[in-house]
file my_file.cif (mmCIF, C-alpha atoms and all ligand atoms)
data_final
#
loop_
_atom_site.label_atom_id
_atom_site.label_comp_id
_atom_site.auth_asym_id
_atom_site.auth_seq_id
_atom_site.Cartn_x
_atom_site.Cartn_y
_atom_site.Cartn_z
CA MET F 1 -1.57 11.31 5.87
CA ASP F 2 1.98 11.31 4.51
CA SER F 3 3.16 8.93 7.21
CA ILE F 4 0.72 6.21 6.14
CA TYR F 5 2.07 6.44 2.57
CA ARG F 6 5.61 6.04 3.96
CA GLU F 7 4.51 3.09 6.07
CA ILE F 8 2.90 1.42 3.02
CA GLU F 9 6.06 2.02 0.95
CA GLU F 10 8.22 0.37 3.63
CA LEU F 11 5.84 -2.58 3.97
CA LYS F 12 5.85 -3.08 0.20
CA LYS F 13 9.65 -3.38 0.24
CA GLU F 14 9.69 -5.61 3.30
CA LYS F 15 7.03 -7.97 1.89
CA ASP F 16 8.14 -7.86 -1.77
CA ALA F 17 4.69 -6.55 -2.69
CA VAL F 18 3.12 -4.34 -5.32
CA ILE F 19 -0.28 -2.65 -5.20
CA LEU F 20 -2.79 -2.87 -8.06
CA ALA F 21 -5.81 -0.57 -7.92
CA HIS F 22 -8.96 -0.16 -9.96
CA TYR F 23 -10.06 3.36 -10.98
CA TYR F 24 -13.16 3.09 -8.76
CA VAL F 25 -11.34 2.84 -5.40
CA PRO F 26 -10.92 6.13 -3.49
CA GLY F 27 -8.38 8.56 -4.99
CA GLU F 28 -6.09 8.42 -1.94
CA VAL F 29 -5.81 4.63 -2.43
CA GLN F 30 -5.09 5.02 -6.15
CA ALA F 31 -2.30 7.39 -5.06
CA CYS F 32 -0.43 4.56 -3.28
CA ALA F 33 -0.79 2.07 -6.16
CA ASP F 34 1.98 0.85 -8.45
CA TYR F 35 -0.48 -0.09 -11.20
CA ILE F 36 -3.89 1.52 -11.78
CA GLY F 37 -6.26 0.59 -14.57
CA ASP F 38 -9.37 -1.02 -15.92
CA SER F 39 -10.19 -4.69 -15.36
CA PHE F 40 -8.40 -5.88 -18.51
CA TYR F 41 -5.19 -3.98 -17.85
CA LEU F 42 -5.10 -5.15 -14.23
CA SER F 43 -5.61 -8.83 -15.07
CA LYS F 44 -2.98 -8.64 -17.82
CA ILE F 45 -0.38 -6.81 -15.76
CA ALA F 46 -0.94 -9.20 -12.82
CA THR F 47 0.56 -12.00 -14.94
CA LYS F 48 3.71 -10.01 -15.71
CA LEU F 49 4.86 -8.95 -12.25
CA GLU F 50 7.88 -10.30 -10.41
CA ALA F 51 6.80 -9.39 -6.87
CA SER F 52 5.77 -12.38 -4.74
CA THR F 53 2.79 -10.53 -3.22
CA LEU F 54 0.04 -8.66 -5.05
CA VAL F 55 -2.24 -6.37 -3.07
CA PHE F 56 -5.46 -5.93 -5.02
CA ALA F 57 -7.31 -2.72 -4.19
CA GLY F 58 -10.63 -3.56 -5.78
CA VAL F 59 -13.52 -5.99 -5.42
CA THR F 60 -13.48 -9.76 -4.85
CA PHE F 61 -13.65 -10.92 -8.47
CA MET F 62 -10.51 -8.88 -9.20
CA GLY F 63 -8.44 -10.42 -6.41
CA GLU F 64 -9.81 -13.84 -7.28
CA SER F 65 -8.89 -13.45 -10.97
CA ALA F 66 -5.37 -12.35 -10.01
CA LYS F 67 -5.00 -15.47 -7.84
CA ILE F 68 -6.43 -17.78 -10.53
CA LEU F 69 -3.93 -16.42 -13.06
CA ASN F 70 -1.03 -16.42 -10.58
CA PRO F 71 -1.48 -19.35 -8.18
CA GLU F 72 2.13 -19.17 -7.00
CA LYS F 73 1.71 -15.61 -5.72
CA THR F 74 0.22 -14.36 -2.49
CA VAL F 75 -2.76 -12.15 -3.33
CA LEU F 76 -4.05 -9.90 -0.55
CA MET F 77 -7.29 -7.93 -0.52
CA PRO F 78 -7.57 -4.95 1.84
CA ASP F 79 -11.25 -5.76 2.44
CA THR F 80 -12.47 -9.25 1.57
CA THR F 81 -16.10 -8.18 2.01
CA ALA F 82 -15.83 -5.78 -0.96
CA ASP F 83 -17.89 -7.90 -3.32
CA CYS F 84 -19.52 -6.98 -6.64
CA PRO F 85 -23.21 -8.03 -6.53
CA MET F 86 -23.30 -8.57 -10.29
CA ALA F 87 -20.57 -11.23 -9.98
CA HIS F 88 -23.23 -13.70 -8.77
CA MET F 89 -26.08 -12.78 -11.12
CA ALA F 90 -26.26 -15.83 -13.37
CA ALA F 91 -27.71 -19.26 -12.69
CA ALA F 92 -25.87 -22.50 -13.48
CA GLY F 93 -29.17 -24.16 -14.43
CA LYS F 94 -29.89 -21.51 -17.05
CA ILE F 95 -26.42 -21.91 -18.57
CA GLU F 96 -26.84 -25.68 -18.78
CA LYS F 97 -30.26 -25.24 -20.39
CA MET F 98 -28.78 -22.88 -23.02
CA ARG F 99 -26.05 -25.40 -23.79
CA GLU F 100 -28.71 -28.05 -24.41
CA GLU F 101 -30.71 -25.71 -26.62
CA TYR F 102 -27.85 -24.45 -28.84
CA GLU F 103 -25.30 -26.95 -30.04
CA ASP F 104 -22.66 -24.39 -30.96
CA LEU F 105 -23.18 -22.13 -27.93
CA ALA F 106 -20.28 -20.09 -26.53
CA VAL F 107 -20.77 -18.92 -22.96
CA VAL F 108 -19.10 -15.53 -22.71
CA CYS F 109 -18.57 -14.41 -19.14
CA TYR F 110 -17.85 -10.83 -18.13
CA ILE F 111 -14.84 -10.79 -15.79
CA ASN F 112 -17.17 -9.19 -13.20
CA SER F 113 -18.17 -12.69 -12.08
CA SER F 114 -17.33 -15.13 -9.30
CA ALA F 115 -14.74 -17.88 -9.89
CA ALA F 116 -17.60 -20.39 -9.69
CA LEU F 117 -19.45 -18.67 -12.54
CA LYS F 118 -16.29 -18.51 -14.66
CA THR F 119 -16.04 -22.32 -14.56
CA TYR F 120 -19.13 -22.47 -16.85
CA ALA F 121 -17.62 -20.13 -19.43
CA ASP F 122 -15.80 -20.66 -22.71
CA VAL F 123 -14.16 -17.27 -22.55
CA CYS F 124 -14.04 -14.26 -20.24
CA VAL F 125 -14.26 -10.68 -21.44
CA THR F 126 -13.96 -7.20 -19.96
CA SER F 127 -15.72 -4.05 -21.08
CA SER F 128 -12.65 -3.09 -23.14
CA ASN F 129 -12.45 -6.30 -25.18
CA ALA F 130 -15.96 -7.86 -25.18
CA VAL F 131 -16.82 -6.68 -28.71
CA GLU F 132 -13.47 -7.79 -30.13
CA ILE F 133 -13.62 -11.23 -28.48
CA VAL F 134 -17.25 -11.98 -29.38
CA ARG F 135 -16.56 -10.94 -32.98
CA LYS F 136 -13.59 -13.33 -33.16
CA LEU F 137 -15.47 -16.36 -31.77
CA PRO F 138 -16.34 -19.01 -34.36
CA ASN F 139 -19.71 -19.60 -32.65
CA LYS F 140 -22.89 -17.97 -33.93
CA ASN F 141 -24.85 -18.36 -30.68
CA ILE F 142 -23.49 -16.52 -27.65
CA PHE F 143 -24.87 -16.61 -24.12
CA PHE F 144 -23.55 -13.46 -22.48
CA ILE F 145 -23.41 -13.57 -18.64
CA PRO F 146 -23.94 -11.95 -16.19
CA ASP F 147 -24.41 -8.33 -17.42
CA GLU F 148 -27.46 -7.67 -19.61
CA ASN F 149 -26.36 -4.13 -20.50
CA LEU F 150 -22.85 -4.99 -21.64
CA GLY F 151 -24.35 -7.99 -23.48
CA SER F 152 -26.84 -5.77 -25.26
CA TYR F 153 -24.09 -3.30 -26.23
CA VAL F 154 -22.03 -6.19 -27.65
CA ALA F 155 -25.08 -7.54 -29.53
CA LYS F 156 -25.50 -4.17 -31.24
CA GLN F 157 -21.82 -3.98 -32.26
CA VAL F 158 -21.70 -7.57 -33.53
CA PRO F 159 -25.03 -8.00 -35.38
CA GLU F 160 -23.83 -11.14 -37.17
CA LYS F 161 -24.05 -13.07 -33.86
CA ASN F 162 -27.10 -14.21 -31.93
CA VAL F 163 -26.28 -12.78 -28.49
CA ILE F 164 -28.62 -14.20 -25.84
CA LEU F 165 -28.91 -11.93 -22.82
CA ASN F 166 -28.96 -12.76 -19.12
CA ASP F 167 -30.61 -10.50 -16.53
CA GLY F 168 -27.63 -9.45 -14.37
CA TYR F 169 -26.77 -5.79 -13.89
CA CYS F 170 -24.53 -3.34 -12.08
CA TYR F 171 -26.72 -1.31 -9.74
CA VAL F 172 -24.36 1.70 -9.96
CA HIS F 173 -24.66 2.01 -13.73
CA LYS F 174 -28.27 0.84 -14.00
CA GLU F 175 -29.45 3.73 -11.84
CA VAL F 176 -28.29 6.28 -14.43
CA ASN F 177 -31.41 7.21 -16.35
CA LYS F 178 -32.18 8.85 -19.65
CA GLU F 179 -33.96 11.85 -18.08
CA GLN F 180 -30.92 12.67 -15.90
CA VAL F 181 -28.65 12.55 -18.93
CA GLU F 182 -30.98 14.71 -21.02
CA GLU F 183 -31.17 17.25 -18.18
CA ILE F 184 -27.38 17.49 -17.70
CA LYS F 185 -26.92 17.74 -21.48
CA ARG F 186 -29.39 20.67 -21.50
CA CYS F 187 -27.31 22.37 -18.76
CA HIS F 188 -24.07 21.83 -20.72
CA PRO F 189 -25.00 22.05 -24.40
CA GLY F 190 -22.51 20.55 -26.83
CA VAL F 191 -20.49 18.85 -24.08
CA GLU F 192 -19.58 15.21 -24.85
CA PHE F 193 -21.16 12.46 -22.75
CA LEU F 194 -18.69 9.60 -22.05
CA VAL F 195 -20.28 6.46 -20.71
CA HIS F 196 -19.55 2.93 -19.50
CA PRO F 197 -21.32 0.04 -21.32
CA GLU F 198 -22.75 -1.24 -18.01
CA CYS F 199 -25.32 1.59 -18.40
CA THR F 200 -28.68 0.84 -20.03
CA LYS F 201 -29.30 0.84 -23.78
CA GLU F 202 -31.38 4.07 -23.52
CA VAL F 203 -28.47 5.84 -21.81
CA LEU F 204 -25.88 4.50 -24.28
CA GLU F 205 -27.98 5.90 -27.12
CA LEU F 206 -27.28 9.38 -25.76
CA ALA F 207 -23.51 8.83 -25.58
CA ASP F 208 -20.77 10.43 -27.63
CA TYR F 209 -18.33 7.75 -26.50
CA VAL F 210 -18.85 4.30 -24.93
CA GLY F 211 -15.93 2.50 -23.30
CA SER F 212 -14.25 0.98 -20.28
CA THR F 213 -12.91 3.17 -17.48
CA SER F 214 -9.51 3.36 -19.25
CA GLY F 215 -11.27 4.07 -22.53
CA ILE F 216 -13.17 6.99 -20.99
CA ILE F 217 -9.99 8.40 -19.40
CA ASP F 218 -8.00 8.05 -22.65
CA HIS F 219 -10.76 9.60 -24.73
CA ALA F 220 -11.01 12.68 -22.49
CA THR F 221 -7.22 12.98 -22.21
CA LYS F 222 -6.57 12.83 -25.97
CA SER F 223 -9.46 15.14 -26.86
CA ASP F 224 -9.03 18.86 -27.63
CA LYS F 225 -12.33 19.51 -25.85
CA LYS F 226 -12.25 21.01 -22.37
CA GLU F 227 -15.46 19.71 -20.78
CA PHE F 228 -17.08 16.27 -20.46
CA ILE F 229 -20.09 14.64 -18.81
CA ILE F 230 -19.02 11.37 -17.18
CA GLY F 231 -21.38 8.40 -17.00
CA THR F 232 -19.59 5.93 -14.76
CA GLU F 233 -18.55 5.38 -11.14
CA ASN F 234 -17.12 8.58 -9.64
CA GLY F 235 -13.69 7.03 -8.78
CA VAL F 236 -12.57 7.74 -12.36
CA LEU F 237 -12.61 11.46 -11.59
CA TYR F 238 -9.34 11.09 -9.67
CA GLU F 239 -7.33 9.93 -12.72
CA LEU F 240 -9.30 12.20 -15.08
CA GLN F 241 -8.34 15.22 -12.99
CA GLN F 242 -4.74 14.05 -12.45
CA LYS F 243 -4.23 13.74 -16.20
CA ASN F 244 -6.32 16.77 -17.18
CA PRO F 245 -6.01 19.51 -14.56
CA ASP F 246 -7.25 22.10 -17.08
CA LYS F 247 -10.44 20.20 -18.06
CA LYS F 248 -13.87 20.12 -16.41
CA PHE F 249 -15.82 16.95 -15.67
CA TYR F 250 -19.51 16.92 -14.79
CA THR F 251 -21.15 14.01 -12.98
CA LEU F 252 -24.76 12.92 -13.05
CA PRO F 253 -27.09 13.68 -10.14
CA GLY F 254 -26.54 11.15 -7.35
CA GLY F 255 -22.83 10.89 -8.36
CA GLN F 256 -22.51 7.15 -9.07
CA THR F 257 -20.81 5.38 -6.14
CA CYS F 258 -19.91 1.71 -5.83
CA THR F 259 -20.08 1.06 -2.09
CA SER F 260 -17.86 -2.04 -2.36
CA MET F 261 -15.05 -0.17 -4.13
CA LYS F 262 -15.29 2.57 -1.52
CA LYS F 263 -14.68 0.07 1.28
CA ILE F 264 -10.99 0.08 0.31
CA THR F 265 -9.11 2.54 2.51
CA LEU F 266 -5.43 3.37 2.98
CA GLU F 267 -5.55 1.93 6.51
CA LYS F 268 -6.87 -1.38 5.17
CA VAL F 269 -4.16 -1.45 2.49
CA ARG F 270 -1.52 -0.91 5.19
CA ASP F 271 -3.04 -3.49 7.54
CA CYS F 272 -3.35 -6.27 4.98
CA LEU F 273 0.37 -5.86 4.27
CA LYS F 274 1.35 -5.47 7.91
CA TYR F 275 -0.61 -8.44 9.26
CA ASN F 276 -0.85 -10.58 6.06
CA LYS F 277 -4.62 -10.20 6.25
CA GLY F 278 -7.17 -10.85 3.51
CA GLU F 279 -5.27 -13.53 1.61
CA VAL F 280 -7.25 -14.77 -1.41
CA SER F 281 -7.47 -18.52 -1.77
CA VAL F 282 -9.24 -20.40 -4.55
CA ASP F 283 -9.85 -24.13 -4.38
CA ASP F 284 -7.49 -25.88 -6.81
CA SER F 285 -10.05 -27.62 -9.03
CA LEU F 286 -12.13 -24.42 -9.21
CA ARG F 287 -8.97 -22.48 -10.04
CA ARG F 288 -7.98 -24.79 -12.90
CA LYS F 289 -11.44 -24.58 -14.48
CA ALA F 290 -11.79 -20.79 -14.08
CA ASN F 291 -8.27 -20.30 -15.44
CA VAL F 292 -9.28 -21.64 -18.88
CA PRO F 293 -11.69 -18.81 -19.93
CA LEU F 294 -9.48 -16.18 -18.29
CA ASN F 295 -6.44 -17.34 -20.23
CA ARG F 296 -8.42 -17.55 -23.44
CA MET F 297 -9.33 -13.89 -22.94
CA LEU F 298 -5.67 -12.92 -22.45
CA GLU F 299 -4.67 -14.87 -25.56
CA THR F 300 -7.49 -13.50 -27.74
CA ALA F 301 -7.59 -9.83 -26.84
CA LYS F 302 -4.94 -7.33 -27.80
P1 LIG L 401 -13.63 -1.55 -16.32
O1 LIG L 401 -12.67 -0.80 -15.47
O2 LIG L 401 -13.00 -2.75 -16.92
O3 LIG L 401 -14.28 -0.66 -17.30
O4 LIG L 401 -14.75 -2.16 -15.35
C1 LIG L 401 -15.72 -1.46 -14.71
C2 LIG L 401 -16.24 -2.12 -13.51
O5 LIG L 401 -17.39 -2.10 -13.23
C3 LIG L 401 -15.35 -2.79 -12.65
O6 LIG L 401 -16.08 -3.25 -11.61
FE1 LIG L 402 -19.71 -4.32 -9.52
FE2 LIG L 402 -20.84 -2.15 -10.51
FE3 LIG L 402 -19.23 -1.93 -8.41
FE4 LIG L 402 -18.24 -2.51 -10.84
S1 LIG L 402 -19.23 -0.62 -10.22
S2 LIG L 402 -17.72 -3.49 -8.91
S3 LIG L 402 -19.88 -3.79 -11.66
S4 LIG L 402 -21.18 -3.03 -8.48
#
call {"tool": "encode", "arguments": {"input": "my_file.cif", "output": "structure tokens"}}
result
Amino acid sequence: MDSIYREIEELKKEKDAVILAHYYVPGEVQACADYIGDSFYLSKIATKLEASTLVFAGVTFMGESAKILNPEKTVLMPDTTADCPMAHMAAAGKIEKMREEYEDLAVVCYINSSAALKTYADVCVTSSNAVEIVRKLPNKNIFFIPDENLGSYVAKQVPEKNVILNDGYCYVHKEVNKEQVEEIKRCHPGVEFLVHPECTKEVLELADYVGSTSGIIDHATKSDKKEFIIGTENGVLYELQQKNPDKKFYTLPGGQTCTSMKKITLEKVRDCLKYNKGEVSVDDSLRRKANVPLNRMLETAK
């Protein structure tokens, strides 16, 4: 195992590369990363790096966003088939229809979306800044794509807006159900339930804290409490345990797993660097259009 980490370190130097990893990729991959975080942190940090090559250990929309924001850099993905199904769950026709219906409409697009979908958006958001950005928009009518659950969470936090929901979803978070949460809460009375806003409204109602992956990790790390129930993809357990070796984390039955994130292995990280495999390319006119809402997000959010 150690030798593959050494090999990756040498390749990084040789290729002037850094590795960015999302909290959902396997722990051993997070261990070789230079930057680990939630979607907002990763897109922000990607614009501040000097290295000429970025290896993105995550799913397609993440590598694509890094390339859109940094066209001059080489962006490599260890597995280009690691796609997020939700990234495609909105229809152009529906967006156009909404624009016709509401004169002042803002199309707010979760970053978990394809570059093509982003071209229809006024602004992108992540789970850590969606509420803040929607609140700051001058528009009253918001069409939130593609995630219905994050959209519904935002609608509740920003009641002064008319947030119109789309029907996209993350299958990993949608499968968490109210009964499972109630059962695990019964087994661990008084233990806080920390949850991602991609879960359903019924599940969020049972939460003690709702936030992005970084938000969940920070909340548990800063808390004096010693036990937590975690309602998000199980990759976060790696960082939770690294930062809190004395605390206990319980997962829901089924242990939420994103199969695309788990496609990223150390061997694939090494091979993309070694053989320059998995280079992300985005058509120039698509890139220019998708860059607008992404940049607006970076400018608007703290
Ligand atoms: P965050 O890390 O931004 O909370 O995103 C979760 C997610 O589903 C990424 O695919
Ligand atoms: Fe997509 Fe859900 Fe996987 Fe995130 S956890 S990449 S939203 S399928």
call {"tool": "closest_residue", "arguments": {"input": "my_file.cif", "among": "F:Asn295, F:Thr257, F:Asn276, F:Gln157", "to": "ligand LIG 402 (chain L)", "atoms": "only C-alpha atoms and all ligand atoms"}}
result
F:Thr257
call {"tool": "closest_residue", "arguments": {"input": "my_file.cif", "among": "F:Leu69, F:Cys187, F:Met77, F:Met62", "to": "ligand LIG 401 (chain L)", "atoms": "all atoms listed in the file"}}
result
F:Met62
call {"tool": "closest_atom_pairs", "arguments": {"input": "my_file.cif", "of": "chain F", "to": "ligand LIG 402 (chain L)", "cutoff": "8 Å", "atoms": "all atoms listed in the file", "output": "tab-separated table"}}
result
residue	atom	partner	partner_atom	distance
F:Tyr24	CA	L:LIG402	S1	7.3
F:Gly58	CA	L:LIG402	S2	7.8
F:Val59	CA	L:LIG402	S2	6.0
F:Asp83	CA	L:LIG402	S2	7.1
F:Cys84	CA	L:LIG402	FE1	3.9
F:Pro85	CA	L:LIG402	S4	5.7
F:Met86	CA	L:LIG402	FE1	5.6
F:Ala87	CA	L:LIG402	FE1	7.0
F:Asn112	CA	L:LIG402	S3	6.2
F:Tyr169	CA	L:LIG402	S3	7.5
F:Cys170	CA	L:LIG402	FE2	4.2
F:Tyr171	CA	L:LIG402	S4	5.9
F:Val172	CA	L:LIG402	FE2	5.2
F:His173	CA	L:LIG402	FE2	6.5
F:Glu198	CA	L:LIG402	S3	7.4
F:Thr232	CA	L:LIG402	S1	8.0
F:Glu233	CA	L:LIG402	S1	6.1
F:Thr257	CA	L:LIG402	S1	7.4
F:Cys258	CA	L:LIG402	FE3	4.5
F:Thr259	CA	L:LIG402	FE3	7.0
F:Ser260	CA	L:LIG402	FE3	6.2
F:Met261	CA	L:LIG402	FE3	6.2
call {"tool": "atom_distance", "arguments": {"input": "my_file.cif", "atom1": "CA of Gln180 in chain F", "atom2": "CA of Ile216 in chain F"}}
result
19.3 Å
call {"tool": "residues_near_ligand", "arguments": {"input": "my_file.cif", "ligand": "ligand LIG 401 (chain L)", "cutoff": "6 Å", "atoms": "only C-alpha atoms and all ligand atoms", "output": "JSON, numbers by chain"}}
result
{"F": [38, 39, 40, 126, 127, 212, 213]}
call {"tool": "closest_residue", "arguments": {"input": "my_file.cif", "among": "F:Val107, F:Met89, F:Val176, F:Ala21", "to": "Ala66 in chain F", "atoms": "all atoms listed in the file"}}
result
F:Ala21
call {"tool": "closest_residue", "arguments": {"input": "my_file.cif", "among": "F:Ala17, F:Leu150, F:Leu206, F:Val25", "to": "Ala51 in chain F", "atoms": "all atoms listed in the file"}}
result
F:Ala17
call {"tool": "residues_around", "arguments": {"input": "my_file.cif", "residues": "Phe228 in chain F", "least_positions_apart": "3", "cutoff": "8 Å", "atoms": "all atoms listed in the file", "output": "list in words"}}
result
Val191, Glu192, Phe193, Leu194, Ala220, Lys225, Lys248, Phe249 and Tyr250 of chain F
call {"tool": "atom_distance", "arguments": {"input": "my_file.cif", "atom1": "CA of Lys13 in chain F", "atom2": "CA of Tyr41 in chain F"}}
result
23.4 Å
call {"tool": "closest_residue", "arguments": {"input": "my_file.cif", "among": "F:Ala91, F:Thr47, F:Gly254, F:Glu160", "to": "Glu72 in chain F", "atoms": "only C-alpha atoms"}}
result
F:Thr47
call {"tool": "residues_near_point", "arguments": {"input": "my_file.cif", "point": "(-28.9, -17.5, -13.0)", "cutoff": "10 Å", "atoms": "all atoms listed in the file", "output": "PyMOL selection string"}}
result
chain F and resi 88-95+117+145-146+166-168
call {"tool": "closest_residue", "arguments": {"input": "my_file.cif", "among": "F:Glu175, F:Glu279, F:Glu28, F:Asp271", "to": "Leu11 in chain F", "atoms": "only C-alpha atoms"}}
result
F:Asp271
call {"tool": "atom_distance", "arguments": {"input": "my_file.cif", "atom1": "CA of Val269 in chain F", "atom2": "CA of Pro245 in chain F"}}
result
27.1 Å
call {"tool": "axis_aligned_box", "arguments": {"input": "my_file.cif", "around": "range 235-246 of chain F", "padding_each_side": "6 Å", "output": "JSON"}}
result
{"center_x": -9.0, "center_y": 14.6, "center_z": -13.0, "size_x": 21.5, "size_y": 27.1, "size_z": 20.4}
call {"tool": "residues_around", "arguments": {"input": "my_file.cif", "residues": "Asp79 in chain F", "least_positions_apart": "5", "cutoff": "7 Å", "atoms": "all atoms listed in the file", "output": "list in words"}}
result
Lys263, Ile264, Lys268 and Gly278 of chain F
call {"tool": "residues_around", "arguments": {"input": "my_file.cif", "residues": "Ala116 in chain F", "least_positions_apart": "4", "cutoff": "8 Å", "atoms": "all atoms listed in the file", "output": "PyMOL selection string"}}
result
chain F and resi 120+286+290
call {"tool": "residues_around", "arguments": {"input": "my_file.cif", "residues": "Ala130 in chain F", "least_positions_apart": "5", "cutoff": "9 Å", "atoms": "all atoms listed in the file", "output": "list of chain:residue names"}}
result
F:Val108, F:Tyr110, F:Cys124, F:Val125, F:Arg135, F:Leu150, F:Gly151, F:Val154, F:Ala301
